[in-house]
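Data block for query.cif (mmCIF, C-alpha atoms and all ligand atoms):
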```
data_target
loop_
_atom_site.label_atom_id
_atom_site.label_comp_id
_atom_site.auth_asym_id
_atom_site.auth_seq_id
_atom_site.Cartn_x
_atom_site.Cartn_y
_atom_site.Cartn_z
CA MET X 1 51.85 19.51 -4.49
CA LEU X 2 48.87 21.17 -6.21
CA LYS X 3 47.17 17.77 -6.32
CA LYS X 4 47.65 17.37 -2.56
CA ILE X 5 46.17 20.83 -1.82
CA ILE X 6 43.11 20.10 -4.00
CA CYS X 7 42.59 16.76 -2.24
CA CYS X 8 42.81 18.44 1.19
CA LEU X 9 40.29 21.12 0.10
CA ILE X 10 37.79 18.52 -1.16
CA PHE X 11 38.16 16.61 2.10
CA LEU X 12 37.56 19.81 4.13
CA ILE X 13 34.44 20.69 2.11
CA PHE X 14 33.19 17.15 2.61
CA LEU X 15 33.62 17.44 6.38
CA THR X 16 32.20 20.95 6.84
CA THR X 17 29.10 20.44 4.69
CA GLY X 18 28.18 17.41 6.72
CA CYS X 19 28.39 15.08 3.72
CA GLY X 20 29.21 11.64 4.84
CA LYS X 21 27.27 12.13 8.07
CA LYS X 22 24.29 9.84 8.45
CA GLN X 23 21.10 11.89 8.10
CA THR X 24 19.32 11.88 11.46
CA GLU X 25 16.03 10.02 11.26
CA PRO X 26 12.96 12.02 12.38
CA GLU X 27 12.26 11.07 15.98
CA ILE X 28 9.28 8.78 16.43
CA ILE X 29 7.16 9.67 19.43
CA SER X 30 5.40 6.48 20.33
CA ASP X 31 1.65 6.50 20.94
CA LEU X 32 2.31 4.51 24.09
CA ASP X 33 4.52 7.32 25.47
CA VAL X 34 1.91 9.92 24.54
CA ILE X 35 -0.76 7.92 26.42
CA ARG X 36 1.52 7.45 29.44
CA ASP X 37 2.42 11.16 29.52
CA ARG X 38 -1.26 12.04 29.33
CA ASN X 39 -2.00 9.37 31.93
CA GLU X 40 -5.22 8.51 30.14
CA LEU X 41 -6.18 6.15 27.34
CA ILE X 42 -8.78 7.48 24.88
CA VAL X 43 -10.83 4.67 23.38
CA GLY X 44 -13.43 4.72 20.61
CA VAL X 45 -16.29 2.38 21.58
CA ARG X 46 -19.83 1.63 20.43
CA GLU X 47 -23.03 2.28 22.31
CA ASP X 48 -25.26 0.29 19.94
CA THR X 49 -23.64 -3.14 20.01
CA LYS X 50 -25.00 -4.96 23.03
CA PRO X 51 -23.36 -7.01 24.60
CA PHE X 52 -20.06 -5.48 23.36
CA GLY X 53 -20.72 -1.79 23.85
CA TYR X 54 -24.01 -0.31 25.11
CA ARG X 55 -25.46 2.03 27.72
CA ASP X 56 -27.17 0.65 30.82
CA LYS X 57 -30.32 2.21 32.24
CA ASP X 58 -28.24 4.82 34.04
CA GLY X 59 -26.53 5.82 30.82
CA ASN X 60 -23.18 4.20 31.69
CA LEU X 61 -21.23 2.36 29.02
CA GLN X 62 -21.11 -1.39 29.58
CA GLY X 63 -20.08 -4.50 27.68
CA ILE X 64 -17.24 -6.74 26.59
CA ASP X 65 -15.46 -4.05 24.56
CA ILE X 66 -15.77 -1.61 27.47
CA GLU X 67 -14.26 -4.16 29.87
CA LEU X 68 -11.46 -4.96 27.41
CA ALA X 69 -10.67 -1.24 27.08
CA LYS X 70 -10.41 -1.03 30.90
CA GLU X 71 -8.07 -4.03 30.91
CA ILE X 72 -5.86 -2.27 28.35
CA ALA X 73 -5.77 0.85 30.55
CA GLN X 74 -4.86 -1.34 33.53
CA TYR X 75 -2.07 -2.98 31.52
CA ILE X 76 -0.45 0.15 30.19
CA LEU X 77 -1.33 2.74 32.88
CA ASP X 78 -1.74 0.51 35.91
CA ASP X 79 -5.25 1.83 36.45
CA LYS X 80 -8.37 0.51 34.73
CA ASN X 81 -10.21 3.77 35.37
CA LYS X 82 -7.76 5.92 33.45
CA VAL X 83 -9.75 5.52 30.30
CA LYS X 84 -11.91 8.03 28.47
CA PHE X 85 -14.58 6.66 26.15
CA VAL X 86 -15.58 8.37 22.93
CA THR X 87 -18.56 6.83 21.17
CA VAL X 88 -18.09 5.99 17.51
CA ASN X 89 -20.23 4.27 14.92
CA ALA X 90 -19.32 1.83 12.16
CA GLY X 91 -19.21 4.60 9.58
CA ASN X 92 -16.97 7.12 11.37
CA ARG X 93 -14.65 5.00 13.55
CA ILE X 94 -11.65 4.84 11.18
CA GLU X 95 -11.79 8.60 10.63
CA LYS X 96 -11.89 9.21 14.41
CA LEU X 97 -8.85 6.98 14.86
CA ASN X 98 -6.80 8.39 12.02
CA SER X 99 -7.59 12.00 12.97
CA LYS X 100 -6.22 11.15 16.46
CA GLU X 101 -9.50 11.84 18.24
CA VAL X 102 -9.01 8.45 19.89
CA ASP X 103 -5.91 6.34 20.60
CA ILE X 104 -7.51 2.99 19.74
CA LEU X 105 -10.84 1.47 18.74
CA VAL X 106 -12.40 -1.37 20.71
CA ALA X 107 -15.55 -1.42 18.64
CA THR X 108 -16.68 -4.88 17.42
CA MET X 109 -14.38 -4.22 14.51
CA THR X 110 -13.64 -7.09 12.16
CA ILE X 111 -10.06 -7.49 10.94
CA THR X 112 -10.28 -7.38 7.13
CA SER X 113 -7.65 -7.04 4.43
CA GLN X 114 -9.36 -3.91 3.16
CA ARG X 115 -9.20 -2.24 6.59
CA LEU X 116 -5.61 -3.39 7.05
CA ARG X 117 -4.70 -0.96 4.30
CA VAL X 118 -5.66 1.98 6.53
CA VAL X 119 -5.35 0.81 10.14
CA ASP X 120 -3.47 -1.78 12.19
CA PHE X 121 -5.13 -4.45 14.27
CA SER X 122 -4.20 -6.41 17.36
CA GLN X 123 -4.61 -10.15 17.30
CA ALA X 124 -8.26 -11.22 17.38
CA TYR X 125 -10.04 -11.23 20.75
CA TYR X 126 -13.35 -12.69 19.54
CA VAL X 127 -14.79 -14.31 16.41
CA ALA X 128 -18.39 -13.51 15.45
CA GLY X 129 -20.29 -14.50 12.29
CA GLN X 130 -22.71 -12.70 10.03
CA ALA X 131 -26.34 -13.74 10.40
CA LEU X 132 -29.80 -12.76 9.29
CA MET X 133 -32.58 -11.51 11.54
CA VAL X 134 -36.17 -11.37 10.29
CA ARG X 135 -39.59 -10.74 11.80
CA ALA X 136 -40.87 -13.78 13.70
CA LYS X 137 -43.77 -14.27 11.27
CA SER X 138 -41.59 -14.01 8.18
CA ASP X 139 -41.32 -16.92 5.71
CA ILE X 140 -37.69 -16.07 4.95
CA THR X 141 -35.31 -18.91 5.80
CA SER X 142 -32.06 -17.90 4.07
CA LEU X 143 -30.14 -14.91 2.74
CA ASN X 144 -30.44 -16.10 -0.88
CA GLN X 145 -34.18 -16.03 -0.49
CA ALA X 146 -34.24 -12.84 1.60
CA VAL X 147 -32.60 -10.69 -1.07
CA LEU X 148 -35.45 -11.55 -3.43
CA TYR X 149 -37.96 -10.18 -0.92
CA GLY X 150 -38.00 -6.58 0.21
CA PRO X 151 -35.03 -4.46 1.19
CA MET X 152 -32.28 -5.83 3.40
CA ILE X 153 -31.16 -3.62 6.27
CA VAL X 154 -27.50 -3.09 7.14
CA VAL X 155 -25.59 -0.66 9.30
CA PHE X 156 -23.49 1.71 7.20
CA GLY X 157 -19.76 1.00 7.18
CA THR X 158 -20.01 -2.61 8.35
CA THR X 159 -18.61 -5.76 6.83
CA ALA X 160 -22.22 -6.91 6.35
CA GLU X 161 -22.91 -3.93 4.11
CA LYS X 162 -19.85 -4.73 2.00
CA ALA X 163 -20.58 -8.47 1.81
CA LEU X 164 -24.15 -7.88 0.76
CA ARG X 165 -23.25 -5.33 -1.91
CA ASP X 166 -20.47 -7.60 -3.24
CA THR X 167 -22.45 -10.84 -3.24
CA TYR X 168 -25.86 -9.52 -4.24
CA PRO X 169 -25.25 -6.40 -6.33
CA ALA X 170 -28.88 -6.37 -7.46
CA ALA X 171 -30.33 -6.59 -3.95
CA LYS X 172 -32.23 -3.66 -2.49
CA ILE X 173 -30.27 -2.49 0.53
CA ILE X 174 -31.20 0.17 3.04
CA GLY X 175 -28.80 1.49 5.62
CA ALA X 176 -29.03 2.57 9.25
CA LYS X 177 -26.53 4.47 11.37
CA THR X 178 -26.99 2.27 14.43
CA TYR X 179 -28.28 -1.22 15.24
CA GLN X 180 -31.17 0.25 17.22
CA GLU X 181 -32.24 2.12 14.10
CA ALA X 182 -31.84 -1.04 11.98
CA TYR X 183 -33.97 -3.01 14.45
CA GLU X 184 -36.71 -0.38 14.36
CA MET X 185 -36.65 -0.45 10.54
CA LEU X 186 -37.21 -4.21 10.64
CA LYS X 187 -40.01 -3.94 13.18
CA SER X 188 -41.79 -1.22 11.25
CA GLY X 189 -41.56 -3.17 7.98
CA LYS X 190 -39.21 -0.75 6.19
CA GLY X 191 -36.98 -3.73 5.46
CA ASP X 192 -37.43 -7.50 5.61
CA GLY X 193 -34.19 -8.59 7.28
CA ILE X 194 -31.11 -7.27 9.04
CA VAL X 195 -27.73 -8.69 8.04
CA ALA X 196 -25.19 -8.17 10.82
CA ASP X 197 -22.92 -9.94 13.30
CA ASP X 198 -24.74 -12.64 15.26
CA THR X 199 -23.32 -11.31 18.54
CA ILE X 200 -24.98 -7.95 18.05
CA LEU X 201 -28.26 -9.34 16.68
CA MET X 202 -28.49 -11.59 19.73
CA GLY X 203 -28.86 -8.44 21.77
CA PHE X 204 -32.36 -8.09 20.26
CA THR X 205 -33.59 -11.67 20.64
CA GLY X 206 -35.35 -10.85 23.91
CA ASP X 207 -38.07 -9.50 21.63
CA LYS X 208 -40.14 -12.45 20.42
CA SER X 209 -41.48 -10.56 17.41
CA VAL X 210 -38.10 -11.05 15.69
CA LYS X 211 -36.01 -14.16 15.10
CA LEU X 212 -32.35 -14.84 14.37
CA LEU X 213 -31.87 -17.49 11.67
CA PRO X 214 -29.31 -20.22 12.48
CA LYS X 215 -27.01 -19.95 9.46
CA ARG X 216 -23.75 -17.98 9.70
CA TYR X 217 -22.39 -16.43 6.52
CA SER X 218 -18.90 -15.32 7.55
CA ALA X 219 -16.23 -15.36 10.23
CA GLU X 220 -15.72 -11.96 11.83
CA PRO X 221 -12.55 -11.82 13.94
CA TYR X 222 -12.69 -8.71 16.16
CA GLY X 223 -9.44 -6.82 16.70
CA VAL X 224 -8.42 -3.66 18.54
CA ALA X 225 -7.63 -1.07 15.87
CA MET X 226 -4.65 1.28 16.03
CA ARG X 227 -3.20 3.84 13.66
CA GLN X 228 -1.01 2.44 10.98
CA ASP X 229 2.32 4.09 11.55
CA ALA X 230 5.57 3.40 13.34
CA SER X 231 4.41 5.38 16.39
CA SER X 232 1.84 2.70 17.19
CA ASP X 233 4.31 -0.23 17.18
CA ASP X 234 4.85 -0.27 20.97
CA LEU X 235 1.15 0.03 21.62
CA LYS X 236 0.41 -2.90 19.32
CA ILE X 237 3.03 -5.04 21.09
CA ALA X 238 1.51 -4.20 24.49
CA ILE X 239 -2.09 -4.88 23.41
CA ASP X 240 -1.15 -8.14 21.66
CA GLU X 241 0.70 -9.21 24.78
CA LEU X 242 -2.31 -8.43 26.95
CA ILE X 243 -4.79 -10.26 24.69
CA GLY X 244 -2.41 -13.23 24.57
CA ASN X 245 -2.21 -13.27 28.37
CA MET X 246 -5.97 -12.95 28.72
CA ALA X 247 -6.51 -15.83 26.31
CA THR X 248 -4.11 -18.05 28.27
CA ASP X 249 -5.26 -17.24 31.77
CA GLY X 250 -8.97 -17.54 30.88
CA LYS X 251 -9.78 -13.84 31.48
CA LEU X 252 -11.01 -13.40 27.93
CA LYS X 253 -13.48 -16.28 28.29
CA LYS X 254 -14.64 -14.86 31.60
CA LEU X 255 -15.40 -11.56 29.87
CA TYR X 256 -17.75 -13.29 27.43
CA LYS X 257 -19.62 -14.90 30.25
N1 LIG X 301 -17.91 -6.59 12.90
C1 LIG X 301 -18.57 -5.88 11.88
C2 LIG X 301 -17.70 -4.78 11.33
O1 LIG X 301 -16.64 -4.57 11.80
C3 LIG X 301 -19.91 -5.34 12.30
C4 LIG X 301 -19.99 -4.83 13.68
C5 LIG X 301 -19.96 -3.34 13.75
O2 LIG X 301 -20.94 -2.67 13.45
O3 LIG X 301 -18.93 -2.86 14.17
O4 LIG X 301 -18.10 -4.13 10.41
#
```
Output the structure of this file as structure tokens.
Ligand code: GLU
Amino acid sequence: MLKKIICCLIFLIFLTTGCGKKQTEPEIISDLDVIRDRNELIVGVREDTKPFGYRDKDGNLQGIDIELAKEIAQYILDDKNKVKFVTVNAGNRIEKLNSKEVDILVATMTITSQRLRVVDFSQAYYVAGQALMVRAKSDITSLNQAVLYGPMIVVFGTTAEKALRDTYPAAKIIGAKTYQEAYEMLKSGKGDGIVADDTILMGFTGDKSVKLLPKRYSAEPYGVAMRQDASSDDLKIAIDELIGNMATDGKLKKLYK
């Protein structure tokens, strides 16, 4: 009898203390829901990466990344104008994303394994390649040769900066915050070459006092960056779906034109 009473008591304690109940998981509020509730998508973009993100003569943001951001707003909010742009640079973009100042980055950002440790990426929407730009009168014909000359110019926080420091640890490297600044450093002779994505360097080739050398030193797949947590899963699915659709129906190619 005593045994039975003890068993009943243990069972009661078990029930009343909630043991045996499955602990409720903390609720995940998806970024996609937050954006839809706000009815606005906040996107980190560049203003120094013509033709991907730049300002026209009236000061309006233009470019492939800007158009892609509008397409994303259209896809998830049904209105391509429900997008707010926040300008970022290569050095501060991850911080702006992870501090939730922006929802996503559409910012000529290469998908790399190092960055995948701190952010998530969509599938690639473009593939650029690193190249070298020098003054038109320069004798430099390759990167191997260039690093033996004067300083090489890079934009801080870019894959070019990392590649150069990794491959040529003894090279003299000077950094700029923006591509405009890097270009002015080259023109004024502060450095002897800019290493950066060909797409962005092409934005300066209208100036005949500089030249873009033909060799490409890397493949730079651009992805849309999102925060790396479960709340961004739905957003990633939506953006991947959109990029997939745009690749199939030719919209992505049209953007590049
Ligand atoms: N795609 C390169 C990167 O992600 C360079 C372009 C940029 O400045 O964003 O670092």
Next item on the list: List all protein, DNA and RNA residues that have an atom no more than 7 Å from any atom of ligand LIG 301 (chain X), counting only C-alpha atoms and all ligand atoms, and report them as a list in words.
Entry: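 Protein and nucleic-acid residues within 7 Å of ligand LIG 301 (chain X): Ala90, Ala107, Thr108, Met109, Thr110, Val155, Gly157, Thr158, Thr159, Ala160, Ala196, Asp197, Glu220 and Tyr222 of chain X.
Of note, atom CA of Thr178 of chain X and atom CA of Leu252 of chain X are spaced 26.1 Å apart.
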Just want the 7 Å neighbourhood of Leu235 of chain X, counted on all atoms listed in the file, with same-chain residues fewer than 4 positions away dropped. Output as an mmCIF file with C-alpha atoms, keeping the file's coordinate frame.
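Resulting contents of part35.cif:
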```cif
data_model
loop_
_atom_site.group_PDB
_atom_site.id
_atom_site.type_symbol
_atom_site.label_atom_id
_atom_site.label_comp_id
_atom_site.auth_asym_id
_atom_site.auth_seq_id
_atom_site.Cartn_x
_atom_site.Cartn_y
_atom_site.Cartn_z
ATOM 1 C CA ASP X 31 1.650 6.500 20.940
ATOM 2 C CA LEU X 32 2.310 4.510 24.090
ATOM 3 C CA ILE X 239 -2.090 -4.880 23.410
#
```
Next item on the list: Tell me, as a list in words, which residues lie within 7 Å of Val43 of chain X, counting all atoms listed in the file; anything in the same chain fewer than 4 positions away does not count.
Entry: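 Using all atoms listed in the file, the neighbours found are Ala69, Lys84, Phe85, Val86, Val102, Asp103, Ile104, Leu105 and Val106 of chain X.
Of the listed residues X:Arg135, X:Arg38, X:Pro169, X:Gln123, the one whose atoms come nearest to Ala238 of chain X is X:Gln123, with distances taken using all atoms listed in the file.
Between atom CA of Lys100 of chain X and atom CA of Leu242 of chain X the separation is 22.6 Å.
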Item checked: Which of X:Ile243, X:Ala219, X:Leu143, X:Ile153 sits closest to Leu255 of chain X [using only C-alpha atoms] ->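 Looking at the shortest contact to Leu255 of chain X, the residue is X:Ile243.
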Item checked: Expected answer as a ChimeraX atom specification: all residues with atoms within 12 Å of (-39.4, -1.1, 7.5), all atoms listed in the file -> /X:134-135,150-153,173-176,181-194
Check: Nearest to Pro221 of chain X among X:Ala170, X:Leu68, X:Ile76, X:Val127, with distances taken over only C-alpha atoms: which residue is it?
Finding: X:Val127
Note to self: Counting only C-alpha atoms, which residues have an atom no more than 12 Å from (-2.5, 4.3, 10.4) in the file's coordinates? Please list them as a list in words.
What the structure shows: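 Using only C-alpha atoms, the matching residues come out as Asp31, Ile94, Glu95, Lys96, Leu97, Asn98, Ser99, Lys100, Asp103, Ile104, Arg115, Leu116, Arg117, Val118, Val119, Asp120, Phe121, Ala225, Met226, Arg227, Gln228, Asp229, Ala230, Ser231, Ser232, Asp233 and Lys236 of chain X.
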Next item on the list: Would you work out the distance separating atom CA of Glu47 of chain X from atom CA of Val224 of chain X, expressed in Å to one decimal?
Entry: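 Between atom CA of Glu47 of chain X and atom CA of Val224 of chain X the gap works out to 16.2 Å.
With only C-alpha atoms as the atoms that count, the minimum distance from Lys254 of chain X to the choices X:Glu40, X:Asp33, X:Glu67, X:Asp207 is reached by X:Glu67.
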